[in-house]
Structures are given as structure tokens and as C-alpha cells.
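Colleague: Next up is a structure, given as C-alpha cells.
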Amino acid sequence: MASCPVDQQKRLLLSAALSALLTGIVLTAIYTYSATQVRALSSQTAYANPEDGMRALIADSYTGVSKVEILHADKEIFEDLWFVEARVRAASRVDGKAFSGQDSDNPGSFFLRVHNGWVFVPEGKCPELIALGVWLFGLRDKERPE
């Protein structure tokens, strides 16, 4: 039995409607999550640049620091999200974890540009997803005070 052109049109219309609905749900979820995270992150200490933020994290996370070397500091997928990696020579970590048999540690952290500077974003907060929301919806600009 041949399918009717009307049935094909209905299926196509239903597929398009479902695709539009799913796209809307995904975009709404990204917007909601990103806006909530940007709002929360904006209340944290902001740094002039990602490297300064990394140095501040190192100062809070290590004791007896003798040398800090920034190995990598550059944007990730989005201009407003940078990853910074450093080599730290220190006596110990504040949390007591060892340096994996080495005389140094190599921490890496994400930093997001918000309206008042750069803030640290823990990896568990999905920094790439937050940066996607900032890029798609201009959230950094919306958080800027008038």
C-alpha cells in the first residue's frame, strides 16, 4: 500500500514541530543554567586576568611556595573561557595531597570573564556549558551594571 502524500506531510510537520520543541527546551536549559551560574560566579573574587586568578588560587592551595610558572594560559573554545595550567614548586598542598612523586605540582583551572573581571570556575560546574550560554545569549553583558 502506497503512503499518501498527506501522511508524509503530517509526519514531516510533526518531525519539524518536535525538533523545534526539543531545540527550545535545550536552549532554555542552557540559558537557565548559564545565567544562574554567571550570577553566582559574579559574586566571587574577580581577577584582572586568568593568570592572576591562578596565582591567587595557588597562594590559597599551597604552603611554602618557592616558584610558580604559568605553563599555559589561553582561551578554550570560547573567548570568555580560559584554561590556565601552572607548575608549582612548594613544600606541600594545603589539602595534604602529595605531588605524585614529583618535586612539583601541575594544577589547571578554568576562568570565565564576567562583567567585573575573570573568575574561577570549578570543572564540576561545566565551564564549557556556561561559556556557551554566555556566547549564545550575551549573558556577561546582561550582568553588567548600568
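Scheme for the C-alpha cells: letters A, B, ... for chains in order shown; per-chain residue numbers from 1; ligand numbers from 1 in order shown.
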DSSP on the backbone, then: every residue of range 40-92 of chain A marked helix (DSSP H, G or I), written as a list in words.

Modeller: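 Reading the DSSP output for range 40-92 of chain A, helix (DSSP H, G or I) covers Ala40, Leu41, Pro50, Glu51, Asp52, Gly53, Met54, Arg55, Ala56, Leu57, Ile58, Ala59, Asp60 and Ser61 of chain A.
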
Colleague: Using N, CA and C atoms, can you export the residues from the last selection as a PDB file, in the first residue's frame?

Modeller:
ATOM      1  N   ALA A  40      25.960  33.621  40.089  1.00  0.00           N
ATOM      2  CA  ALA A  40      26.678  33.142  41.274  1.00  0.00           C
ATOM      3  C   ALA A  40      28.178  33.433  41.163  1.00  0.00           C
ATOM      4  N   LEU A  41      28.752  33.199  40.003  1.00  0.00           N
ATOM      5  CA  LEU A  41      30.186  33.423  39.816  1.00  0.00           C
ATOM      6  C   LEU A  41      30.547  34.902  39.912  1.00  0.00           C
ATOM      7  N   PRO A  50      43.232  35.878  33.820  1.00  0.00           N
ATOM      8  CA  PRO A  50      43.234  34.493  34.302  1.00  0.00           C
ATOM      9  C   PRO A  50      44.524  34.090  35.026  1.00  0.00           C
ATOM     10  N   GLU A  51      45.663  34.614  34.588  1.00  0.00           N
ATOM     11  CA  GLU A  51      46.930  34.274  35.237  1.00  0.00           C
ATOM     12  C   GLU A  51      46.956  34.754  36.685  1.00  0.00           C
ATOM     13  N   ASP A  52      46.458  35.967  36.934  1.00  0.00           N
ATOM     14  CA  ASP A  52      46.384  36.474  38.311  1.00  0.00           C
ATOM     15  C   ASP A  52      45.461  35.603  39.150  1.00  0.00           C
ATOM     16  N   GLY A  53      44.373  35.144  38.541  1.00  0.00           N
ATOM     17  CA  GLY A  53      43.462  34.251  39.253  1.00  0.00           C
ATOM     18  C   GLY A  53      44.141  32.949  39.638  1.00  0.00           C
ATOM     19  N   MET A  54      44.931  32.397  38.721  1.00  0.00           N
ATOM     20  CA  MET A  54      45.644  31.155  39.010  1.00  0.00           C
ATOM     21  C   MET A  54      46.662  31.361  40.127  1.00  0.00           C
ATOM     22  N   ARG A  55      47.370  32.469  40.095  1.00  0.00           N
ATOM     23  CA  ARG A  55      48.349  32.752  41.153  1.00  0.00           C
ATOM     24  C   ARG A  55      47.659  32.877  42.514  1.00  0.00           C
ATOM     25  N   ALA A  56      46.475  33.471  42.531  1.00  0.00           N
ATOM     26  CA  ALA A  56      45.731  33.586  43.794  1.00  0.00           C
ATOM     27  C   ALA A  56      45.264  32.213  44.292  1.00  0.00           C
ATOM     28  N   LEU A  57      44.797  31.364  43.376  1.00  0.00           N
ATOM     29  CA  LEU A  57      44.399  30.010  43.770  1.00  0.00           C
ATOM     30  C   LEU A  57      45.588  29.237  44.324  1.00  0.00           C
ATOM     31  N   ILE A  58      46.741  29.392  43.698  1.00  0.00           N
ATOM     32  CA  ILE A  58      47.950  28.706  44.160  1.00  0.00           C
ATOM     33  C   ILE A  58      48.328  29.191  45.558  1.00  0.00           C
ATOM     34  N   ALA A  59      48.256  30.499  45.781  1.00  0.00           N
ATOM     35  CA  ALA A  59      48.587  31.049  47.102  1.00  0.00           C
ATOM     36  C   ALA A  59      47.680  30.476  48.190  1.00  0.00           C
ATOM     37  N   ASP A  60      46.412  30.201  47.837  1.00  0.00           N
ATOM     38  CA  ASP A  60      45.458  29.643  48.806  1.00  0.00           C
ATOM     39  C   ASP A  60      45.579  28.131  48.951  1.00  0.00           C
ATOM     40  N   SER A  61      46.181  27.461  47.968  1.00  0.00           N
ATOM     41  CA  SER A  61      46.174  25.995  47.936  1.00  0.00           C
ATOM     42  C   SER A  61      47.494  25.337  48.317  1.00  0.00           C
TER      43      SER A  61
END

Colleague: Just the residues within 12 Å of Asn106 in chain A, please, counting only C-alpha atoms, with nothing from its chain fewer than 5 positions along; format it as a PyMOL selection string.

Modeller: chain A and resi 54+58+62+67-72+84-90+93+98-100

Colleague: Just to be explicit: take each residue in the selection above, keep N, CA and C atoms, and write the result as a PDB file, in the first residue's frame.

Modeller:
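The result, stored in out_15.pdb:
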ATOM      1  N   MET A  54      44.931  32.397  38.721  1.00  0.00           N
ATOM      2  CA  MET A  54      45.644  31.155  39.010  1.00  0.00           C
ATOM      3  C   MET A  54      46.662  31.361  40.127  1.00  0.00           C
ATOM      4  N   ILE A  58      46.741  29.392  43.698  1.00  0.00           N
ATOM      5  CA  ILE A  58      47.950  28.706  44.160  1.00  0.00           C
ATOM      6  C   ILE A  58      48.328  29.191  45.558  1.00  0.00           C
ATOM      7  N   TYR A  62      48.573  26.109  48.429  1.00  0.00           N
ATOM      8  CA  TYR A  62      49.897  25.556  48.697  1.00  0.00           C
ATOM      9  C   TYR A  62      50.570  26.315  49.827  1.00  0.00           C
ATOM     10  N   LYS A  67      58.274  28.619  43.783  1.00  0.00           N
ATOM     11  CA  LYS A  67      58.251  29.048  42.385  1.00  0.00           C
ATOM     12  C   LYS A  67      56.906  28.703  41.758  1.00  0.00           C
ATOM     13  N   VAL A  68      56.390  29.626  40.966  1.00  0.00           N
ATOM     14  CA  VAL A  68      55.174  29.411  40.182  1.00  0.00           C
ATOM     15  C   VAL A  68      55.497  29.769  38.744  1.00  0.00           C
ATOM     16  N   GLU A  69      55.224  28.821  37.863  1.00  0.00           N
ATOM     17  CA  GLU A  69      55.470  29.033  36.444  1.00  0.00           C
ATOM     18  C   GLU A  69      54.168  28.761  35.690  1.00  0.00           C
ATOM     19  N   ILE A  70      53.656  29.750  34.970  1.00  0.00           N
ATOM     20  CA  ILE A  70      52.453  29.562  34.170  1.00  0.00           C
ATOM     21  C   ILE A  70      52.874  28.854  32.878  1.00  0.00           C
ATOM     22  N   LEU A  71      52.393  27.629  32.689  1.00  0.00           N
ATOM     23  CA  LEU A  71      52.749  26.827  31.519  1.00  0.00           C
ATOM     24  C   LEU A  71      51.850  27.102  30.318  1.00  0.00           C
ATOM     25  N   HIS A  72      50.583  27.362  30.603  1.00  0.00           N
ATOM     26  CA  HIS A  72      49.595  27.547  29.538  1.00  0.00           C
ATOM     27  C   HIS A  72      48.498  28.470  30.055  1.00  0.00           C
ATOM     28  N   VAL A  84      44.050  27.735  32.479  1.00  0.00           N
ATOM     29  CA  VAL A  84      45.398  28.099  32.898  1.00  0.00           C
ATOM     30  C   VAL A  84      46.013  26.896  33.597  1.00  0.00           C
ATOM     31  N   GLU A  85      47.214  26.534  33.172  1.00  0.00           N
ATOM     32  CA  GLU A  85      47.959  25.452  33.813  1.00  0.00           C
ATOM     33  C   GLU A  85      49.276  26.019  34.327  1.00  0.00           C
ATOM     34  N   ALA A  86      49.661  25.585  35.514  1.00  0.00           N
ATOM     35  CA  ALA A  86      50.889  26.098  36.118  1.00  0.00           C
ATOM     36  C   ALA A  86      51.750  24.948  36.642  1.00  0.00           C
ATOM     37  N   ARG A  87      52.993  25.244  36.883  1.00  0.00           N
ATOM     38  CA  ARG A  87      53.888  24.332  37.608  1.00  0.00           C
ATOM     39  C   ARG A  87      54.213  25.039  38.913  1.00  0.00           C
ATOM     40  N   VAL A  88      53.959  24.339  40.008  1.00  0.00           N
ATOM     41  CA  VAL A  88      54.151  24.921  41.337  1.00  0.00           C
ATOM     42  C   VAL A  88      55.203  24.122  42.091  1.00  0.00           C
ATOM     43  N   ARG A  89      56.199  24.809  42.568  1.00  0.00           N
ATOM     44  CA  ARG A  89      57.177  24.199  43.479  1.00  0.00           C
ATOM     45  C   ARG A  89      56.857  24.751  44.862  1.00  0.00           C
ATOM     46  N   ALA A  90      56.489  23.843  45.752  1.00  0.00           N
ATOM     47  CA  ALA A  90      56.062  24.253  47.081  1.00  0.00           C
ATOM     48  C   ALA A  90      56.373  23.144  48.080  1.00  0.00           C
ATOM     49  N   ARG A  93      50.757  20.817  49.667  1.00  0.00           N
ATOM     50  CA  ARG A  93      49.423  21.320  49.355  1.00  0.00           C
ATOM     51  C   ARG A  93      48.661  21.482  50.660  1.00  0.00           C
ATOM     52  N   ALA A  98      49.675  14.538  48.015  1.00  0.00           N
ATOM     53  CA  ALA A  98      51.065  14.518  47.577  1.00  0.00           C
ATOM     54  C   ALA A  98      51.200  15.050  46.159  1.00  0.00           C
ATOM     55  N   PHE A  99      52.448  15.262  45.745  1.00  0.00           N
ATOM     56  CA  PHE A  99      52.757  15.747  44.401  1.00  0.00           C
ATOM     57  C   PHE A  99      53.018  14.613  43.424  1.00  0.00           C
ATOM     58  N   SER A 100      52.478  13.466  43.606  1.00  0.00           N
ATOM     59  CA  SER A 100      52.629  12.310  42.703  1.00  0.00           C
ATOM     60  C   SER A 100      54.082  11.930  42.467  1.00  0.00           C
TER      61      SER A 100
END

Colleague: Running DSSP on the backbone, which parts of chain A land in strand (DSSP E), as JSON, numbers by chain?

Modeller: {"A": [62, 63, 67, 68, 69, 70, 71, 72, 73, 74, 75, 81, 82, 83, 84, 85, 86, 87, 88, 89, 92, 93, 108, 109, 110, 111, 112, 113, 114, 117, 118, 119, 120, 121]}

Colleague: Would you put the residues from that selection into a file with C-alpha atoms, as a PDB file, in the first residue's frame?

Modeller:
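The result, stored in out.pdb:
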ATOM      1  CA  TYR A  62      49.897  25.556  48.697  1.00  0.00           C
ATOM      2  CA  THR A  63      52.288  26.262  51.552  1.00  0.00           C
ATOM      3  CA  LYS A  67      58.251  29.048  42.385  1.00  0.00           C
ATOM      4  CA  VAL A  68      55.174  29.411  40.182  1.00  0.00           C
ATOM      5  CA  GLU A  69      55.470  29.033  36.444  1.00  0.00           C
ATOM      6  CA  ILE A  70      52.453  29.562  34.170  1.00  0.00           C
ATOM      7  CA  LEU A  71      52.749  26.827  31.519  1.00  0.00           C
ATOM      8  CA  HIS A  72      49.595  27.547  29.538  1.00  0.00           C
ATOM      9  CA  ALA A  73      47.048  30.349  29.600  1.00  0.00           C
ATOM     10  CA  ASP A  74      44.754  30.647  26.617  1.00  0.00           C
ATOM     11  CA  LYS A  75      41.152  30.590  25.508  1.00  0.00           C
ATOM     12  CA  LEU A  81      36.682  30.946  28.876  1.00  0.00           C
ATOM     13  CA  TRP A  82      40.381  30.378  29.500  1.00  0.00           C
ATOM     14  CA  PHE A  83      42.250  27.399  30.907  1.00  0.00           C
ATOM     15  CA  VAL A  84      45.398  28.099  32.898  1.00  0.00           C
ATOM     16  CA  GLU A  85      47.959  25.452  33.813  1.00  0.00           C
ATOM     17  CA  ALA A  86      50.889  26.098  36.118  1.00  0.00           C
ATOM     18  CA  ARG A  87      53.888  24.332  37.608  1.00  0.00           C
ATOM     19  CA  VAL A  88      54.151  24.921  41.337  1.00  0.00           C
ATOM     20  CA  ARG A  89      57.177  24.199  43.479  1.00  0.00           C
ATOM     21  CA  SER A  92      53.045  20.978  50.350  1.00  0.00           C
ATOM     22  CA  ARG A  93      49.423  21.320  49.355  1.00  0.00           C
ATOM     23  CA  GLY A 108      44.976  23.596  35.944  1.00  0.00           C
ATOM     24  CA  SER A 109      41.860  25.739  36.267  1.00  0.00           C
ATOM     25  CA  PHE A 110      39.173  27.382  34.147  1.00  0.00           C
ATOM     26  CA  PHE A 111      38.481  31.110  34.349  1.00  0.00           C
ATOM     27  CA  LEU A 112      35.415  32.854  32.904  1.00  0.00           C
ATOM     28  CA  ARG A 113      35.217  36.534  32.006  1.00  0.00           C
ATOM     29  CA  VAL A 114      32.308  38.217  33.768  1.00  0.00           C
ATOM     30  CA  GLY A 117      36.895  40.572  35.548  1.00  0.00           C
ATOM     31  CA  TRP A 118      37.826  36.880  35.479  1.00  0.00           C
ATOM     32  CA  VAL A 119      36.507  34.320  37.973  1.00  0.00           C
ATOM     33  CA  PHE A 120      37.495  30.754  38.772  1.00  0.00           C
ATOM     34  CA  VAL A 121      35.048  28.085  37.535  1.00  0.00           C
TER      35      VAL A 121
END

Colleague: Counting only C-alpha atoms, which of A:Ser104, A:Arg140, A:Gly24, A:Pro127 gets nearest to Ser66 in chain A?

Modeller: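 Of the candidates, the smallest distance to Ser66 in chain A is held by A:Ser104.
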
Colleague: Just how far from CA of Asn116 in chain A is CA of Ala46 in chain A, in Å to one decimal?

Modeller: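 Going from CA of Ala46 in chain A over to CA of Asn116 in chain A, I get 6.4 Å.
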
Colleague: Given only C-alpha atoms as the basis, pick out the residue of A:Glu76, A:Gln102, A:Glu128, A:Val6 nearest to Tyr33 in chain A.

Modeller: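 Nearest to Tyr33 in chain A: A:Glu128.
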
Colleague: Report, in Å to a single decimal, how far apart CA of Pro107 in chain A and CA of Gly64 in chain A are.

Modeller: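 A separation of 15.9 Å between them.
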
Colleague: Could you tell me which of A:Ala29, A:Ala17, A:Ala91, A:Leu22 comes closest to Asp103 in chain A if we count only C-alpha atoms?

Modeller: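 Using only C-alpha atoms, Asp103 in chain A sits closest to A:Ala91.
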
Colleague: For CA of Lys97 in chain A and CA of Cys126 in chain A, quote the distance in Å rounded to one decimal.

Modeller: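 CA of Lys97 in chain A sits 24.0 Å away from CA of Cys126 in chain A.
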